[in-house]
Amino acid sequence: MKFKVDEETCIACGACEEACPEVFEVDDVSTVKVDDVSADLEAAALEAEEGCPVDAISHS
Ligand code: SF4
């Protein structure tokens, strides 16, 4: 599973890194550190996506 952050939309709140620090790192904007998220991290990454207050995270 691949995750993507829309940098224009991200407000750098830090919630995604808190929910799934293995995948998301927030500096000026959130970036996805892992190209292909492994099965054991998918649930946490999806939780981060759902928790994003501005819906900046998507996956495919
Ligand atoms: S939760 Fe959303 S708005 Fe907050 S840092 Fe992550 S991508 Fe950006």
# chains A, B, ... in the order shown; residues from 1 in each chain; ligands from 1
>>> residues_around(residues="Met1 in chain A", least_positions_apart="6", cutoff="10 Å", atoms="only C-alpha atoms", output="list in words")
Val34, Asp35, Asp36, Val37, Ser38, Ala39, Leu41, Glu42, Ala45, Leu46, His59 and Ser60 of chain A
>>> closest_atom_pairs(of="chain A", to="ligand 1", cutoff="6 Å", atoms="only C-alpha atoms and all ligand atoms", output="CSV")
residue,atom,partner,partner_atom_place_in_ligand_line,distance
A:Val5,CA,ligand 1,7 (S),5.7
A:Cys10,CA,ligand 1,8 (Fe),3.7
A:Ile11,CA,ligand 1,3 (S),4.3
A:Ala12,CA,ligand 1,5 (S),3.7
A:Cys13,CA,ligand 1,4 (Fe),3.9
A:Gly14,CA,ligand 1,5 (S),4.1
A:Ala15,CA,ligand 1,1 (S),4.3
A:Cys16,CA,ligand 1,6 (Fe),4.1
A:Val26,CA,ligand 1,5 (S),5.6
A:Ser30,CA,ligand 1,5 (S),4.9
A:Cys52,CA,ligand 1,1 (S),3.7
A:Pro53,CA,ligand 1,2 (Fe),5.9
A:Val54,CA,ligand 1,3 (S),5.6
A:Ala56,CA,ligand 1,7 (S),5.1
A:Ile57,CA,ligand 1,7 (S),5.5
>>> select_by_dssp(residues="chain A", states="strand (DSSP E)", output="list in words")
Phe3, Lys4, Val5, Phe24, Glu25, Val26, Ser30, Thr31, Val32, Ile57, Ser58 and His59 of chain A
>>> atom_distance(atom1="CA of Ala19 in chain A", atom2="CA of Asp6 in chain A")
17.6 Å
>>> residues_around(residues="Lys33 in chain A", least_positions_apart="5", cutoff="7 Å", atoms="only C-alpha atoms", output="ChimeraX atom specification")
/A:23-25
>>> select_by_dssp(residues="chain A", states="alpha helix (DSSP H)", output="JSON, numbers by chain")
{"A": [15, 16, 17, 18, 19, 39, 40, 41, 42, 43, 44, 45, 46, 47, 48, 49, 50, 51]}
>>> write_last_selection(atoms="N, CA and C atoms", output="PDB file, in the first residue's frame")
ATOM      1  N   ALA A  15      -0.330  15.228  13.542  1.00  0.00           N
ATOM      2  CA  ALA A  15      -1.165  14.096  13.957  1.00  0.00           C
ATOM      3  C   ALA A  15      -0.771  12.783  13.279  1.00  0.00           C
ATOM      4  N   CYS A  16      -0.414  12.854  12.007  1.00  0.00           N
ATOM      5  CA  CYS A  16      -0.090  11.611  11.296  1.00  0.00           C
ATOM      6  C   CYS A  16       1.193  10.984  11.838  1.00  0.00           C
ATOM      7  N   GLU A  17       2.167  11.819  12.170  1.00  0.00           N
ATOM      8  CA  GLU A  17       3.410  11.283  12.737  1.00  0.00           C
ATOM      9  C   GLU A  17       3.139  10.660  14.104  1.00  0.00           C
ATOM     10  N   GLU A  18       2.238  11.280  14.844  1.00  0.00           N
ATOM     11  CA  GLU A  18       1.889  10.737  16.153  1.00  0.00           C
ATOM     12  C   GLU A  18       1.209   9.374  16.005  1.00  0.00           C
ATOM     13  N   ALA A  19       0.339   9.255  15.002  1.00  0.00           N
ATOM     14  CA  ALA A  19      -0.407   8.008  14.792  1.00  0.00           C
ATOM     15  C   ALA A  19       0.466   6.921  14.191  1.00  0.00           C
ATOM     16  N   ALA A  39       2.394  -4.624   5.347  1.00  0.00           N
ATOM     17  CA  ALA A  39       1.092  -5.008   5.895  1.00  0.00           C
ATOM     18  C   ALA A  39       0.962  -4.705   7.383  1.00  0.00           C
ATOM     19  N   ASP A  40       2.040  -4.888   8.129  1.00  0.00           N
ATOM     20  CA  ASP A  40       1.944  -4.678   9.581  1.00  0.00           C
ATOM     21  C   ASP A  40       1.809  -3.202   9.956  1.00  0.00           C
ATOM     22  N   LEU A  41       2.096  -2.320   9.028  1.00  0.00           N
ATOM     23  CA  LEU A  41       1.972  -0.887   9.320  1.00  0.00           C
ATOM     24  C   LEU A  41       0.733  -0.257   8.685  1.00  0.00           C
ATOM     25  N   GLU A  42       0.034  -1.041   7.873  1.00  0.00           N
ATOM     26  CA  GLU A  42      -1.104  -0.482   7.134  1.00  0.00           C
ATOM     27  C   GLU A  42      -2.195   0.075   8.036  1.00  0.00           C
ATOM     28  N   ALA A  43      -2.525  -0.654   9.101  1.00  0.00           N
ATOM     29  CA  ALA A  43      -3.618  -0.212   9.977  1.00  0.00           C
ATOM     30  C   ALA A  43      -3.288   1.140  10.604  1.00  0.00           C
ATOM     31  N   ALA A  44      -2.054   1.285  11.074  1.00  0.00           N
ATOM     32  CA  ALA A  44      -1.657   2.550  11.710  1.00  0.00           C
ATOM     33  C   ALA A  44      -1.613   3.675  10.682  1.00  0.00           C
ATOM     34  N   ALA A  45      -1.160   3.361   9.476  1.00  0.00           N
ATOM     35  CA  ALA A  45      -1.083   4.385   8.428  1.00  0.00           C
ATOM     36  C   ALA A  45      -2.490   4.817   7.994  1.00  0.00           C
ATOM     37  N   LEU A  46      -3.411   3.856   7.918  1.00  0.00           N
ATOM     38  CA  LEU A  46      -4.797   4.189   7.567  1.00  0.00           C
ATOM     39  C   LEU A  46      -5.435   5.023   8.672  1.00  0.00           C
ATOM     40  N   GLU A  47      -5.072   4.712   9.905  1.00  0.00           N
ATOM     41  CA  GLU A  47      -5.576   5.494  11.042  1.00  0.00           C
ATOM     42  C   GLU A  47      -5.077   6.932  10.937  1.00  0.00           C
ATOM     43  N   ALA A  48      -3.826   7.085  10.549  1.00  0.00           N
ATOM     44  CA  ALA A  48      -3.263   8.424  10.367  1.00  0.00           C
ATOM     45  C   ALA A  48      -4.009   9.154   9.253  1.00  0.00           C
ATOM     46  N   GLU A  49      -4.301   8.428   8.179  1.00  0.00           N
ATOM     47  CA  GLU A  49      -5.043   9.037   7.065  1.00  0.00           C
ATOM     48  C   GLU A  49      -6.418   9.513   7.537  1.00  0.00           C
ATOM     49  N   GLU A  50      -7.106   8.658   8.278  1.00  0.00           N
ATOM     50  CA  GLU A  50      -8.446   9.023   8.760  1.00  0.00           C
ATOM     51  C   GLU A  50      -8.386  10.181   9.742  1.00  0.00           C
ATOM     52  N   GLY A  51      -7.288  10.263  10.487  1.00  0.00           N
ATOM     53  CA  GLY A  51      -7.189  11.293  11.517  1.00  0.00           C
ATOM     54  C   GLY A  51      -6.717  12.640  11.010  1.00  0.00           C
TER      55      GLY A  51
END
